[in-house]
Amino acid sequence: MDLALELLTASLTSPWVYLLIALAAALDSLVPIVPSETLLITAATFAATGQPHPAGLVLAAASGALLGDLAAHLVGRFAATGIGRWRRWSRIEKLLDSAHTAFSRRGGTVLIAGRFVPGGRSLATIGSGLLGFPIRSFLLWDGVGSLAWALYSTGIGLIGGTLFENRPLLGVAVGIGIALAITSSVELARRLQSMRRRRRTRSRRRTRSRSRFDNLRGRDVMMERMSQTHVWYVSYGSNMARDRLACYLQGGRPPGAKVTYPGARDSTLPQAEAGIELPGTIYFAGESKVWGGGMAFYDHSVPGPTPAKAYLITAEQFADVAAQEMNRPPEPDSPLERLVFDLPSGSSHSVGPGGYETLLVLDDVDGVPMVTFTAAHGSTDTEHTQPQEPYLAMLRTGTAEVRTASGLPLPAAAQV
């Protein structure tokens, strides 16, 4: 034991210890199994006697950590080139969207806090690169986090070394124990807070879901008799304007459009309509054959809300509207007419090809499904394009109708 203590003392009081600390802190970001914090606390325990110097340990640890984190950030940026393929898996897509939301709102805090959460350092640094967090902001915030971590770990080691000056190994054990206790307490508090947040979110979603469709349930319509013949078609784009939707049902060309529509097989106008809010948001991408410029798509995974218009039409009419949205003529016996009743709420299905090839079943109202369609890609998977003014004018008309019909204020996410 004495020989081991002598060897440890000789190693940790050598000038090379600063390089060792810097290398361990750098590697820890890319290889999380490297015990950089334990090594720093151990060195700081011996520093209570004056050698190595505490300030040198802080500088070495902070510098090494920042360099290692920068390397991890650059790895994330390199890997981001293939991020679109990863979104084929729904869990990865949700994780990426959650991380994107977190970094867009409080990226600096994520980088600092991630350093003190088990496994959080690598996730935060590589994730910041994947999500394109600006490199200058990264260096600033990660530098603050690296310095805070170095001061924290060195301080804990100094406490252990001061309390047990003549028994350095016991001081090391106490220092590591203090760090584990603090980390465990923080992780427990974080988990409890996350559980409470999930419960509140589920409660809000249930409340929002009930209130979102109350105005539909209150309509003077015999919903039960329509449960296998009608759908609530939810439009978040230009079809929020009832005159624009009429062109899909009765034929004609909307003002400013380049296309004349043949209309649906059944030209009857909707039996009811209501302005509602959807939990996601819209974005513009691609090139519209009707308006030129970008087209509006709906991404339910991005925080909203966004205004929308729900129309009560037959499943046949919905299939015809979908066909015309995808630049195809309406056809009899479309599979979509039955598919809308077979899919459960919250599901999606590809009905392509076409710009709006993904059918979404949003919910149901007394057995009548609420459906819409969007693109297969999400808002972060494709390049955004600027919509043309005629399209924006139609969107403004539609959102004004939604706001008037529902009494909803127009959210910032829906302003165009």
# chains A, B, ... in the order shown; residues from 1 in each chain; ligands from 1
>>> closest_atom_pairs(of="stretch 270-320 of chain A", to="stretch 325-331 of chain A", cutoff="10 Å", atoms="only C-alpha atoms", output="CSV")
residue,atom,partner,partner_atom,distance
A:Lys289,CA,A:Asn327,CA,8.6
A:Val290,CA,A:Asn327,CA,9.5
A:Glu316,CA,A:Pro330,CA,9.4
A:Gln317,CA,A:Pro330,CA,9.1
A:Ala319,CA,A:Pro330,CA,7.5
A:Asp320,CA,A:Pro330,CA,4.8
>>> residues_around(residues="A:Leu312", least_positions_apart="4", cutoff="6 Å", atoms="only C-alpha atoms", output="compact mmCIF listing (two decimals) with N, CA and C atoms, in the first residue's frame")
# COMPACT_ATOMS: atom_id res chain seq x y z
N VAL A 231 -65.98 12.52 -43.54
CA VAL A 231 -64.76 12.81 -42.79
C VAL A 231 -64.72 14.30 -42.52
N TRP A 232 -63.96 14.65 -41.50
CA TRP A 232 -63.59 16.05 -41.30
C TRP A 232 -62.25 16.25 -42.01
N PRO A 270 -69.30 21.66 -48.45
CA PRO A 270 -69.25 21.02 -47.14
C PRO A 270 -70.52 21.24 -46.32
N GLN A 271 -70.89 20.22 -45.57
CA GLN A 271 -72.10 20.32 -44.76
C GLN A 271 -71.85 21.13 -43.49
N ALA A 272 -70.60 21.26 -43.09
CA ALA A 272 -70.25 22.06 -41.91
C ALA A 272 -68.78 22.42 -42.00
>>> closest_residue(among="A:Pro332, A:Asp364, A:Thr374, A:Ala60", to="A:Ser348", atoms="only C-alpha atoms")
A:Thr374
>>> select_by_dssp(residues="stretch 350-386 of chain A", states="strand (DSSP E)", output="ChimeraX atom specification")
/A:350,358-365,368-374
>>> write_last_selection(atoms="all heavy atoms", output="tab-separated table (two decimals), in the first residue's frame")
chain	number	residue	atom	x	y	z
A	350	SER	N	-48.84	6.32	-46.56
A	350	SER	CA	-48.43	6.90	-47.83
A	350	SER	C	-49.44	6.54	-48.92
A	350	SER	O	-49.78	5.37	-49.11
A	350	SER	CB	-47.04	6.39	-48.23
A	350	SER	OG	-46.68	6.90	-49.50
A	358	THR	N	-48.69	11.84	-47.95
A	358	THR	CA	-48.84	11.20	-46.65
A	358	THR	C	-50.17	11.58	-46.02
A	358	THR	O	-50.42	12.76	-45.73
A	358	THR	CB	-47.68	11.59	-45.71
A	358	THR	OG1	-46.45	11.17	-46.29
A	358	THR	CG2	-47.84	10.93	-44.35
A	359	LEU	N	-51.02	10.58	-45.81
A	359	LEU	CA	-52.31	10.77	-45.15
A	359	LEU	C	-52.09	10.74	-43.64
A	359	LEU	O	-51.44	9.83	-43.12
A	359	LEU	CB	-53.27	9.67	-45.57
A	359	LEU	CG	-54.59	9.57	-44.78
A	359	LEU	CD1	-55.49	10.76	-45.08
A	359	LEU	CD2	-55.30	8.25	-45.09
A	360	LEU	N	-52.63	11.72	-42.92
A	360	LEU	CA	-52.57	11.75	-41.46
A	360	LEU	C	-53.99	11.65	-40.90
A	360	LEU	O	-54.88	12.38	-41.33
A	360	LEU	CB	-51.94	13.06	-40.97
A	360	LEU	CG	-50.48	13.35	-41.33
A	360	LEU	CD1	-50.07	14.70	-40.76
A	360	LEU	CD2	-49.57	12.25	-40.82
A	361	VAL	N	-54.18	10.72	-39.98
A	361	VAL	CA	-55.45	10.63	-39.25
A	361	VAL	C	-55.23	11.32	-37.91
A	361	VAL	O	-54.57	10.79	-37.02
A	361	VAL	CB	-55.89	9.17	-39.05
A	361	VAL	CG1	-57.24	9.11	-38.35
A	361	VAL	CG2	-55.96	8.45	-40.39
A	362	LEU	N	-55.76	12.52	-37.78
A	362	LEU	CA	-55.47	13.36	-36.62
A	362	LEU	C	-56.24	12.93	-35.38
A	362	LEU	O	-55.71	12.92	-34.27
A	362	LEU	CB	-55.78	14.82	-36.94
A	362	LEU	CG	-55.04	15.41	-38.15
A	362	LEU	CD1	-55.61	16.78	-38.48
A	362	LEU	CD2	-53.55	15.51	-37.87
A	363	ASP	N	-57.50	12.60	-35.55
A	363	ASP	CA	-58.38	12.28	-34.43
A	363	ASP	C	-59.71	11.83	-35.01
A	363	ASP	O	-59.82	11.62	-36.22
A	363	ASP	CB	-58.56	13.51	-33.53
A	363	ASP	CG	-58.85	13.15	-32.08
A	363	ASP	OD1	-59.55	12.13	-31.87
A	363	ASP	OD2	-58.41	13.86	-31.17
A	364	ASP	N	-60.70	11.64	-34.15
A	364	ASP	CA	-62.05	11.42	-34.67
A	364	ASP	C	-63.03	12.16	-33.78
A	364	ASP	O	-62.77	12.42	-32.61
A	364	ASP	CB	-62.39	9.94	-34.75
A	364	ASP	CG	-62.63	9.34	-33.38
A	364	ASP	OD1	-63.77	9.44	-32.88
A	364	ASP	OD2	-61.68	8.78	-32.80
A	365	VAL	N	-64.14	12.55	-34.35
A	365	VAL	CA	-65.20	13.26	-33.63
A	365	VAL	C	-66.46	12.43	-33.73
A	365	VAL	O	-67.07	12.34	-34.81
A	365	VAL	CB	-65.41	14.66	-34.23
A	365	VAL	CG1	-66.52	15.38	-33.47
A	365	VAL	CG2	-64.13	15.46	-34.17
A	368	VAL	N	-66.40	10.11	-36.61
A	368	VAL	CA	-66.04	10.68	-37.91
A	368	VAL	C	-64.56	11.06	-37.88
A	368	VAL	O	-64.15	11.91	-37.08
A	368	VAL	CB	-66.91	11.91	-38.23
A	368	VAL	CG1	-66.48	12.53	-39.55
A	368	VAL	CG2	-68.37	11.52	-38.28
A	369	PRO	N	-63.72	10.43	-38.71
A	369	PRO	CA	-62.28	10.71	-38.64
A	369	PRO	C	-61.94	12.11	-39.10
A	369	PRO	O	-62.58	12.67	-39.99
A	369	PRO	CB	-61.67	9.66	-39.59
A	369	PRO	CG	-62.77	9.27	-40.50
A	369	PRO	CD	-64.04	9.41	-39.72
A	370	MET	N	-60.91	12.68	-38.47
A	370	MET	CA	-60.35	13.98	-38.88
A	370	MET	C	-59.05	13.68	-39.62
A	370	MET	O	-58.13	13.09	-39.05
A	370	MET	CB	-60.08	14.86	-37.67
A	370	MET	CG	-61.31	15.19	-36.87
A	370	MET	SD	-60.98	16.49	-35.68
A	370	MET	CE	-60.68	17.87	-36.80
A	371	VAL	N	-58.97	14.07	-40.88
A	371	VAL	CA	-57.86	13.66	-41.73
A	371	VAL	C	-57.29	14.87	-42.47
A	371	VAL	O	-57.98	15.87	-42.72
A	371	VAL	CB	-58.31	12.59	-42.76
A	371	VAL	CG1	-58.64	11.30	-42.06
A	371	VAL	CG2	-59.52	13.08	-43.56
A	372	THR	N	-56.03	14.75	-42.82
A	372	THR	CA	-55.38	15.73	-43.67
A	372	THR	C	-54.26	15.02	-44.40
A	372	THR	O	-54.05	13.81	-44.23
A	372	THR	CB	-54.84	16.92	-42.85
A	372	THR	OG1	-54.42	17.97	-43.75
A	372	THR	CG2	-53.66	16.53	-41.98
A	373	PHE	N	-53.54	15.73	-45.23
A	373	PHE	CA	-52.38	15.14	-45.89
A	373	PHE	C	-51.24	16.15	-45.92
A	373	PHE	O	-51.44	17.36	-45.88
A	373	PHE	CB	-52.69	14.64	-47.31
A	373	PHE	CG	-53.74	15.41	-48.04
A	373	PHE	CD1	-53.49	16.67	-48.54
A	373	PHE	CD2	-55.00	14.88	-48.22
A	373	PHE	CE1	-54.46	17.39	-49.22
A	373	PHE	CE2	-55.99	15.59	-48.91
A	373	PHE	CZ	-55.72	16.84	-49.40
A	374	THR	N	-50.02	15.61	-45.97
A	374	THR	CA	-48.83	16.42	-45.98
A	374	THR	C	-47.74	15.66	-46.71
A	374	THR	O	-47.99	14.61	-47.30
A	374	THR	CB	-48.40	16.78	-44.53
A	374	THR	OG1	-47.29	17.71	-44.58
A	374	THR	CG2	-47.98	15.55	-43.75
>>> residues_around(residues="A:Gly64", least_positions_apart="5", cutoff="7 Å", atoms="only C-alpha atoms", output="short mmCIF file (atom, residue, chain, number, x, y, z; two decimals) with N, CA, C and O atoms, in the first residue's frame")
data_model
loop_
_atom_site.label_atom_id
_atom_site.label_comp_id
_atom_site.auth_asym_id
_atom_site.auth_seq_id
_atom_site.Cartn_x
_atom_site.Cartn_y
_atom_site.Cartn_z
N ALA A 22 -5.36 17.23 -19.09
CA ALA A 22 -5.88 17.82 -20.33
C ALA A 22 -6.28 16.74 -21.33
O ALA A 22 -7.35 16.83 -21.96
N LEU A 23 -5.44 15.72 -21.48
CA LEU A 23 -5.76 14.64 -22.43
C LEU A 23 -6.99 13.86 -22.00
O LEU A 23 -7.86 13.54 -22.82
N ALA A 25 -9.47 14.92 -20.13
CA ALA A 25 -10.66 15.77 -20.29
C ALA A 25 -11.06 15.86 -21.76
O ALA A 25 -12.25 15.92 -22.09
N ALA A 26 -10.07 15.88 -22.66
CA ALA A 26 -10.37 15.97 -24.09
C ALA A 26 -10.98 14.67 -24.61
O ALA A 26 -11.97 14.68 -25.34
#
>>> closest_residue(among="A:Asp266, A:Glu337, A:Asp366, A:Asp28", to="A:Thr229", atoms="only C-alpha atoms")
A:Glu337
>>> residues_around(residues="A:Leu111", least_positions_apart="3", cutoff="6 Å", atoms="only C-alpha atoms", output="PDB file with C-alpha atoms, in the first residue's frame")
ATOM      1  CA  GLY A 108     -26.158  27.487 -24.179  1.00  0.00           C
ATOM      2  CA  GLY A 114     -25.038  18.559 -20.061  1.00  0.00           C
ATOM      3  CA  ALA A 124     -24.847  17.747 -25.902  1.00  0.00           C
ATOM      4  CA  ASP A 142     -19.019  25.325 -23.891  1.00  0.00           C
TER       5      ASP A 142
END
>>> closest_residue(among="A:Gly294, A:Pro262, A:Gly68, A:Pro52", to="A:Gly237", atoms="only C-alpha atoms")
A:Gly294
>>> atom_distance(atom1="atom CA of A:Glu389", atom2="atom CA of A:Ala285")
14.8 Å
>>> select_by_dssp(residues="stretch 237-283 of chain A", states="helix (DSSP H, G or I)", output="number ranges by chain")
A: 238-240, 242-250
>>> closest_residue(among="A:Arg244, A:His53, A:Arg136, A:Arg396", to="A:Pro307", atoms="only C-alpha atoms")
A:Arg396
>>> atom_distance(atom1="atom CA of A:Tyr18", atom2="atom CA of A:Leu139")
21.9 Å
